[in-house]
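Shown below: data_30.cif, with mmCIF, C-alpha atoms and all ligand atoms.
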data_input
loop_
_atom_site.label_atom_id
_atom_site.label_comp_id
_atom_site.auth_asym_id
_atom_site.auth_seq_id
_atom_site.Cartn_x
_atom_site.Cartn_y
_atom_site.Cartn_z
CA MET A 396 36.74 -26.25 -32.62
CA ALA A 397 38.97 -28.10 -30.24
CA LEU A 398 37.21 -29.79 -27.38
CA SER A 399 38.91 -27.66 -24.76
CA ASN A 400 37.88 -24.48 -26.58
CA ARG A 401 34.29 -25.72 -26.82
CA ILE A 402 34.23 -26.48 -23.11
CA THR A 403 35.63 -23.02 -22.42
CA CYS A 404 32.94 -21.47 -24.61
CA LEU A 405 30.16 -23.41 -22.90
CA PHE A 406 31.53 -22.43 -19.56
CA LEU A 407 31.62 -18.76 -20.55
CA LEU A 408 28.07 -19.03 -21.90
CA ALA A 409 26.87 -20.47 -18.62
CA VAL A 410 28.50 -17.63 -16.71
CA LEU A 411 27.35 -14.87 -19.03
CA VAL A 412 23.79 -16.05 -19.67
CA PRO A 413 22.12 -17.16 -16.46
CA PRO A 414 18.60 -18.62 -16.64
CA SER A 415 15.96 -15.98 -17.25
CA SER A 416 14.50 -16.22 -13.75
CA THR A 417 17.93 -15.63 -12.24
CA LEU A 418 18.51 -12.74 -14.60
CA GLN A 419 15.17 -11.19 -13.67
CA SER A 420 15.65 -11.45 -9.94
CA ALA A 421 19.31 -10.47 -10.12
CA GLU A 422 18.70 -7.41 -12.24
CA HIS A 423 15.32 -6.27 -10.99
CA ASN A 424 14.74 -7.05 -7.36
CA LYS A 425 11.13 -6.43 -6.47
CA TYR A 426 9.99 -3.95 -3.84
CA VAL A 427 6.59 -2.70 -2.70
CA LEU A 428 5.67 0.54 -0.98
CA ALA A 429 2.00 0.81 0.04
CA ILE A 430 0.87 4.31 0.99
CA GLY A 431 -2.37 4.79 2.91
CA ILE A 432 -4.11 8.19 3.04
CA ASP A 433 -6.97 8.19 5.54
CA GLY A 434 -10.29 9.67 4.45
CA LEU A 435 -9.16 10.72 0.98
CA ARG A 436 -12.19 11.73 -1.04
CA THR A 437 -11.64 11.20 -4.75
CA ASP A 438 -12.89 14.53 -6.11
CA ALA A 439 -10.78 16.34 -3.55
CA LEU A 440 -7.64 14.53 -4.70
CA ASP A 441 -8.57 15.40 -8.29
CA ALA A 442 -8.89 19.09 -7.40
CA ALA A 443 -5.86 19.37 -5.11
CA LYS A 444 -2.38 20.35 -6.29
CA THR A 445 -0.65 17.00 -5.95
CA PRO A 446 2.20 16.78 -8.47
CA ASN A 447 3.78 13.75 -6.82
CA ILE A 448 0.64 11.64 -6.72
CA ASP A 449 -0.21 12.84 -10.24
CA ALA A 450 3.16 11.55 -11.45
CA LEU A 451 2.50 8.16 -9.86
CA LYS A 452 -0.91 8.04 -11.56
CA ALA A 453 0.68 8.85 -14.91
CA ASN A 454 3.14 5.99 -14.46
CA GLY A 455 0.55 3.37 -13.57
CA SER A 456 -3.02 2.19 -13.38
CA PHE A 457 -5.63 4.05 -11.39
CA SER A 458 -9.30 4.14 -10.50
CA ASN A 459 -11.34 6.74 -8.63
CA ALA A 460 -14.12 4.19 -8.14
CA CYS A 461 -12.32 1.51 -6.15
CA LYS A 462 -14.82 -0.01 -3.69
CA ILE A 463 -14.17 -0.27 0.05
CA LEU A 464 -17.01 -2.80 0.33
CA GLY A 465 -17.10 -6.17 -1.40
CA PRO A 466 -19.83 -7.64 -3.53
CA ARG A 467 -20.07 -10.53 -1.07
CA TYR A 468 -20.10 -8.74 2.27
CA GLN A 469 -20.95 -5.19 3.32
CA LYS A 470 -22.05 -5.35 6.94
CA ASN A 471 -19.07 -3.49 8.38
CA ASP A 472 -19.24 0.25 8.92
CA THR A 473 -17.49 2.57 6.43
CA ILE A 474 -14.89 3.72 8.92
CA SER A 475 -11.18 3.34 9.57
CA GLY A 476 -11.03 0.06 11.52
CA PRO A 477 -12.57 -2.21 8.90
CA GLY A 478 -11.17 -0.13 6.03
CA TRP A 479 -7.53 -0.38 7.06
CA THR A 480 -7.90 -4.00 8.06
CA SER A 481 -9.23 -4.85 4.59
CA TYR A 482 -6.43 -2.77 3.04
CA LEU A 483 -3.75 -4.63 5.04
CA THR A 484 -5.10 -8.20 5.04
CA GLY A 485 -6.65 -8.47 1.57
CA VAL A 486 -9.89 -9.95 2.88
CA TRP A 487 -13.33 -8.50 3.70
CA ALA A 488 -14.70 -7.93 7.19
CA ASP A 489 -16.62 -11.23 7.42
CA LYS A 490 -13.19 -12.88 7.46
CA HIS A 491 -10.95 -10.42 9.35
CA GLY A 492 -13.77 -9.70 11.78
CA VAL A 493 -13.21 -5.94 12.22
CA HIS A 494 -16.52 -4.12 11.83
CA ASP A 495 -15.82 -0.89 13.69
CA ASN A 496 -13.03 1.02 15.43
CA LYS A 497 -13.13 -1.16 18.54
CA PHE A 498 -11.53 -4.08 16.68
CA GLY A 499 -13.54 -6.55 18.78
CA GLY A 500 -14.03 -9.88 17.04
CA ARG A 501 -10.87 -9.41 15.04
CA LYS A 502 -9.36 -12.53 13.52
CA ILE A 503 -6.02 -11.08 12.56
CA SER A 504 -4.13 -14.22 13.56
CA ARG A 505 -6.18 -16.16 11.00
CA TYR A 506 -6.15 -13.41 8.35
CA PRO A 507 -2.90 -11.58 9.07
CA HIS A 508 -1.21 -8.45 7.83
CA PHE A 509 0.28 -9.12 4.38
CA PHE A 510 3.82 -8.92 5.80
CA ASN A 511 3.11 -12.37 7.29
CA LEU A 512 2.22 -13.75 3.87
CA VAL A 513 5.40 -12.30 2.35
CA LYS A 514 7.52 -13.85 5.09
CA GLN A 515 5.90 -17.27 4.78
CA GLN A 516 7.47 -17.44 1.32
CA PHE A 517 10.51 -15.22 1.82
CA PRO A 518 11.49 -15.24 5.51
CA ASP A 519 14.52 -13.06 4.79
CA TYR A 520 12.55 -10.23 3.17
CA ARG A 521 12.53 -7.26 5.50
CA THR A 522 9.36 -5.31 6.12
CA ALA A 523 8.57 -1.88 7.57
CA SER A 524 5.41 -0.27 8.94
CA PHE A 525 4.88 3.42 9.72
CA VAL A 526 1.50 4.46 11.17
CA ASP A 527 0.19 7.19 13.45
CA TRP A 528 -3.35 5.91 13.83
CA TYR A 529 -2.37 3.71 16.72
CA PRO A 530 -5.06 0.97 16.53
CA ILE A 531 -3.56 -0.25 13.26
CA ASP A 532 -0.20 -0.72 14.91
CA LYS A 533 -1.75 -2.22 18.03
CA TYR A 534 -4.18 -4.66 16.42
CA VAL A 535 -3.13 -5.36 12.83
CA VAL A 536 0.62 -4.89 12.32
CA THR A 537 2.80 -7.95 12.84
CA LYS A 538 6.02 -9.21 11.28
CA ALA A 539 7.34 -5.70 10.78
CA ASP A 540 11.14 -5.63 11.06
CA VAL A 541 10.95 -1.86 11.28
CA ARG A 542 7.91 -0.79 13.23
CA VAL A 543 7.03 2.85 13.85
CA GLY A 544 3.70 3.25 15.63
CA TYR A 545 2.83 6.71 16.92
CA GLU A 546 -0.32 7.65 18.74
CA ALA A 547 -1.13 11.04 17.23
CA HIS A 548 -2.50 13.43 19.84
CA GLY A 549 -3.24 17.11 20.36
CA SER A 550 -4.94 19.48 17.96
CA ASP A 551 -3.46 19.00 14.51
CA GLY A 552 -1.98 15.81 15.96
CA TYR A 553 -1.90 13.98 12.66
CA THR A 554 -0.37 16.93 10.86
CA VAL A 555 2.49 16.83 13.36
CA PHE A 556 2.85 13.06 13.52
CA ASP A 557 2.49 12.52 9.77
CA GLN A 558 5.66 14.59 9.49
CA HIS A 559 7.42 12.25 11.91
CA ILE A 560 6.10 9.27 9.96
CA ALA A 561 7.45 10.70 6.72
CA ASP A 562 10.84 11.50 8.29
CA ARG A 563 11.25 7.99 9.68
CA ALA A 564 10.06 6.31 6.46
CA VAL A 565 12.32 8.41 4.25
CA LYS A 566 15.38 7.32 6.20
CA VAL A 567 14.48 3.64 6.16
CA LEU A 568 13.50 3.59 2.48
CA ALA A 569 16.75 5.30 1.49
CA GLU A 570 19.11 3.30 3.68
CA GLN A 571 17.68 -0.16 4.33
CA ASP A 572 16.81 -3.11 2.16
CA VAL A 573 13.12 -3.33 2.98
CA ARG A 574 11.11 -5.31 0.42
CA ALA A 575 7.62 -4.46 1.68
CA SER A 576 6.68 -1.20 3.40
CA MET A 577 3.46 0.45 4.46
CA VAL A 578 3.26 4.16 5.27
CA TYR A 579 0.06 5.64 6.70
CA PHE A 580 -0.97 9.32 6.83
CA GLY A 581 -3.91 10.50 8.94
CA ALA A 582 -4.14 14.30 8.68
CA THR A 583 -6.58 14.18 5.78
CA ASP A 584 -9.18 12.37 7.88
CA GLU A 585 -8.56 14.62 10.86
CA ASN A 586 -9.13 17.76 8.78
CA GLY A 587 -12.15 16.25 7.08
CA HIS A 588 -13.80 15.62 10.44
CA ARG A 589 -12.95 19.08 11.73
CA PHE A 590 -13.69 21.18 8.65
CA GLY A 591 -15.45 18.98 6.08
CA PHE A 592 -14.56 16.41 3.46
CA HIS A 593 -14.96 18.48 0.31
CA PRO A 594 -12.89 20.11 -2.45
CA SER A 595 -14.25 23.53 -1.34
CA VAL A 596 -12.77 23.17 2.18
CA PRO A 597 -9.31 24.82 2.27
CA GLN A 598 -8.08 23.02 5.39
CA TYR A 599 -8.97 19.63 3.93
CA MET A 600 -7.37 20.48 0.61
CA ARG A 601 -4.18 21.74 2.29
CA SER A 602 -3.93 18.47 4.20
CA ILE A 603 -4.08 16.51 0.95
CA GLU A 604 -1.41 18.73 -0.57
CA LYS A 605 0.78 18.23 2.49
CA VAL A 606 0.45 14.47 2.19
CA ASP A 607 1.47 14.80 -1.45
CA GLN A 608 4.68 16.48 -0.29
CA HIS A 609 5.32 13.54 2.04
CA VAL A 610 4.72 11.17 -0.87
CA GLY A 611 7.22 13.13 -2.94
CA ARG A 612 9.86 12.71 -0.25
CA LEU A 613 9.23 8.95 -0.08
CA ILE A 614 9.69 8.66 -3.84
CA GLU A 615 12.87 10.75 -3.73
CA ALA A 616 14.22 8.48 -0.99
CA ILE A 617 13.58 5.42 -3.14
CA LYS A 618 15.25 7.02 -6.15
CA SER A 619 18.30 7.87 -4.04
CA ARG A 620 19.01 4.21 -3.31
CA PRO A 621 22.43 3.14 -4.62
CA ASN A 622 20.97 0.16 -6.50
CA TYR A 623 17.78 1.87 -7.64
CA ALA A 624 18.54 1.19 -11.31
CA ARG A 625 18.43 -2.54 -10.59
CA GLU A 626 15.29 -2.42 -8.47
CA ASP A 627 11.65 -2.69 -9.54
CA TRP A 628 9.49 -0.68 -7.14
CA LEU A 629 5.74 -0.91 -7.13
CA ILE A 630 4.02 2.02 -5.39
CA LEU A 631 0.45 1.47 -4.23
CA ILE A 632 -1.80 4.26 -2.98
CA SER A 633 -5.28 3.87 -1.55
CA SER A 634 -7.52 4.90 1.33
CA ASP A 635 -10.01 3.41 3.76
CA HIS A 636 -13.04 5.57 2.88
CA GLY A 637 -13.94 9.00 1.51
CA GLY A 638 -16.23 11.43 3.30
CA GLU A 639 -19.42 13.49 3.11
CA GLY A 640 -20.00 16.55 5.25
CA LYS A 641 -17.89 15.99 8.35
CA GLY A 642 -18.16 12.23 8.52
CA HIS A 643 -18.12 8.94 6.69
CA GLY A 644 -19.94 6.40 8.86
CA SER A 645 -22.85 4.39 7.44
CA GLY A 646 -21.77 5.34 3.94
CA HIS A 647 -22.90 2.18 2.18
CA GLN A 648 -25.11 4.13 -0.21
CA VAL A 649 -22.90 7.23 -0.48
CA PRO A 650 -20.49 7.11 -3.43
CA ASN A 651 -18.29 9.89 -2.02
CA ILE A 652 -17.67 7.60 0.95
CA HIS A 653 -17.49 4.09 -0.48
CA ASN A 654 -15.53 4.98 -3.62
CA ILE A 655 -11.83 5.62 -3.18
CA TYR A 656 -8.70 5.87 -5.28
CA LEU A 657 -6.50 2.91 -6.07
CA ILE A 658 -3.19 3.69 -7.78
CA VAL A 659 -0.76 0.95 -8.89
CA SER A 660 2.41 2.62 -10.13
CA GLY A 661 5.86 1.67 -11.37
CA ALA A 662 7.78 0.09 -14.21
CA SER A 663 5.80 -3.15 -13.81
CA ALA A 664 2.42 -1.41 -13.75
CA ALA A 665 0.07 -1.20 -16.71
CA LYS A 666 -0.71 2.38 -17.72
CA GLY A 667 -4.08 4.13 -17.75
CA GLU A 668 -7.43 4.03 -16.01
CA PHE A 669 -8.68 0.65 -14.83
CA GLN A 670 -11.33 -0.66 -17.17
CA GLN A 671 -12.67 -3.14 -14.62
CA GLN A 672 -14.13 -2.73 -11.13
CA VAL A 673 -11.35 -2.81 -8.55
CA TYR A 674 -11.59 -3.29 -4.79
CA LEU A 675 -9.64 -2.28 -1.71
CA VAL A 676 -8.72 -5.92 -1.07
CA ASP A 677 -6.96 -6.07 -4.45
CA LEU A 678 -4.09 -4.07 -2.98
CA VAL A 679 -2.58 -6.95 -0.99
CA ALA A 680 -2.98 -9.44 -3.85
CA THR A 681 -1.23 -6.98 -6.16
CA ALA A 682 1.62 -6.42 -3.71
CA LEU A 683 2.14 -10.18 -3.24
CA LYS A 684 2.05 -10.82 -6.98
CA HIS A 685 4.67 -8.15 -7.61
CA LEU A 686 6.93 -9.74 -4.97
CA ASP A 687 6.47 -13.17 -6.63
CA VAL A 688 4.81 -14.59 -3.53
CA PRO A 689 2.81 -17.69 -4.54
CA PHE A 690 -0.77 -17.46 -3.26
CA GLN A 691 -1.73 -20.19 -0.82
CA PRO A 692 -5.38 -21.38 -0.91
CA GLN A 693 -5.63 -21.32 2.89
CA TRP A 694 -5.06 -17.57 2.87
CA GLN A 695 -8.51 -17.18 1.29
CA LEU A 696 -7.60 -13.83 -0.20
CA ASP A 697 -10.60 -11.90 -1.49
CA GLY A 698 -8.62 -9.67 -3.82
CA LYS A 699 -6.82 -10.33 -7.06
CA PRO A 700 -3.74 -8.75 -8.62
CA VAL A 701 -4.65 -5.72 -10.70
CA GLY A 702 -2.78 -3.23 -12.84
CA LEU A 703 0.36 -5.28 -13.40
CA VAL A 704 1.89 -5.95 -16.79
CA PRO A 705 2.07 -9.74 -17.29
CA ARG A 706 5.67 -10.93 -16.89
CA GLN A 707 7.47 -13.63 -18.82
CA GLN A 708 8.56 -16.34 -16.45
ZN ZN B 1 -10.43 6.48 8.24
#

Could you render the structure as structure tokens?
Amino acid sequence: MALSNRITCLFLLAVLVPPSSTLQSAEHNKYVLAIGIDGLRTDALDAAKTPNIDALKANGSFSNACKILGPRYQKNDTISGPGWTSYLTGVWADKHGVHDNKFGGRKISRYPHFFNLVKQQFPDYRTASFVDWYPIDKYVVTKADVRVGYEAHGSDGYTVFDQHIADRAVKVLAEQDVRASMVYFGATDENGHRFGFHPSVPQYMRSIEKVDQHVGRLIEAIKSRPNYAREDWLILISSDHGGEGKGHGSGHQVPNIHNIYLIVSGASAAKGEFQQQVYLVDLVATALKHLDVPFQPQWQLDGKPVGLVPRQQ
């Protein structure tokens, strides 16, 4: 082979075969959508007609015994404030400091929303938050490029505002390049408090089925993206607590309250039921891992990545 031909061949090879890491990121950009369903009791989700969430379960890892309290620390109440703060920061309440719904003692600047951790590594990654339980938006959400924070009000307030949340999120997910998103739905908790957290309660079950329809629209929006075939979306679903009767406070010894679902779904997710104990704080670690965000020791994350297929680097 003449030298010039060899050089041409090497040049072509370099163009056609980029390094594997480049190939991976170029062909499969990573995205995370975390969905939060407030007060979702596990046996009620099992009994409800939820084809969209069922499909996500079938395409991923799941547990109906994910713990909202850690082995190390359990002194916070089993209510929304500490639950959502653990969900969004990846640390337990002794670190983030939220023990109740007043959010006093919060240390969110020290243990921030996981969007901050994403942006420390990838400042250009866009993020989006959609919540209608206003304290989350007020006290926990930061570094959201798209930020929708409603304060649900009125009877059936969350049913109404969850619809707005879904509408706004669908548009952003379909049209914008947002690498990390969090979408919160509150009507399940509202109906549990009014009518009872139980599979035999029609209003509670209808609220779960309505949320499933919202989830279906979010997934459709993602699939409608022009570059969807070259994107690797990880969908995470979890809750902040279950319920018993018409409440969920002081549920440390009540499995229907302190056990919740964790679903890790997508092409990069392992398939089948988790064989190990998983925790609410694992959600953030899993999201960061999927986005290739290197963990920094000073973050002191309590969770670990779960339900992901190991990738070749
Ligand atoms: Zn709650």

Closest to ligand ZN 1 (chain B) among A:Arg505, A:His491, A:Arg436, A:Arg625, using only C-alpha atoms and all ligand atoms?
A:Arg436

Hey, which of A:Asn651, A:Thr583, A:Gln670, A:Gln691 ends up closest to ligand ZN 1 (chain B)? Count only C-alpha atoms and all ligand atoms.
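Using only C-alpha atoms and all ligand atoms, the shortest distance to ligand ZN 1 (chain B) belongs to A:Thr583.
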
Quick one: of A:Lys470, A:Lys605, A:Arg706, A:His643, who's nearest to ligand ZN 1 (chain B), counting all atoms listed in the file?
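For ligand ZN 1 (chain B), the nearest of the candidates is A:His643.
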
Please list as JSON, numbers by chain every residue within 9 Å of Gln695 (chain A), counting all atoms listed in the file and excluding residues in the same chain fewer than 6 positions away.
{"A": [485, 486, 490, 506]}

Looking at A:Thr681, A:Ser475, A:Asn447, A:Ser550, which one is nearest to Tyr529 (chain A), with distances taken over all atoms listed in the file?
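Of A:Thr681, A:Ser475, A:Asn447, A:Ser550, the one nearest Tyr529 (chain A), counting all atoms listed in the file, is A:Ser475.
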
12 Å shell around ligand ZN 1 (chain B) using only C-alpha atoms and all ligand atoms, listed as a PyMOL selection string:
chain A and resi 431-436+463+472-482+495-496+527-528+530-531+579-588+592+633-638+642-644+652-653+655
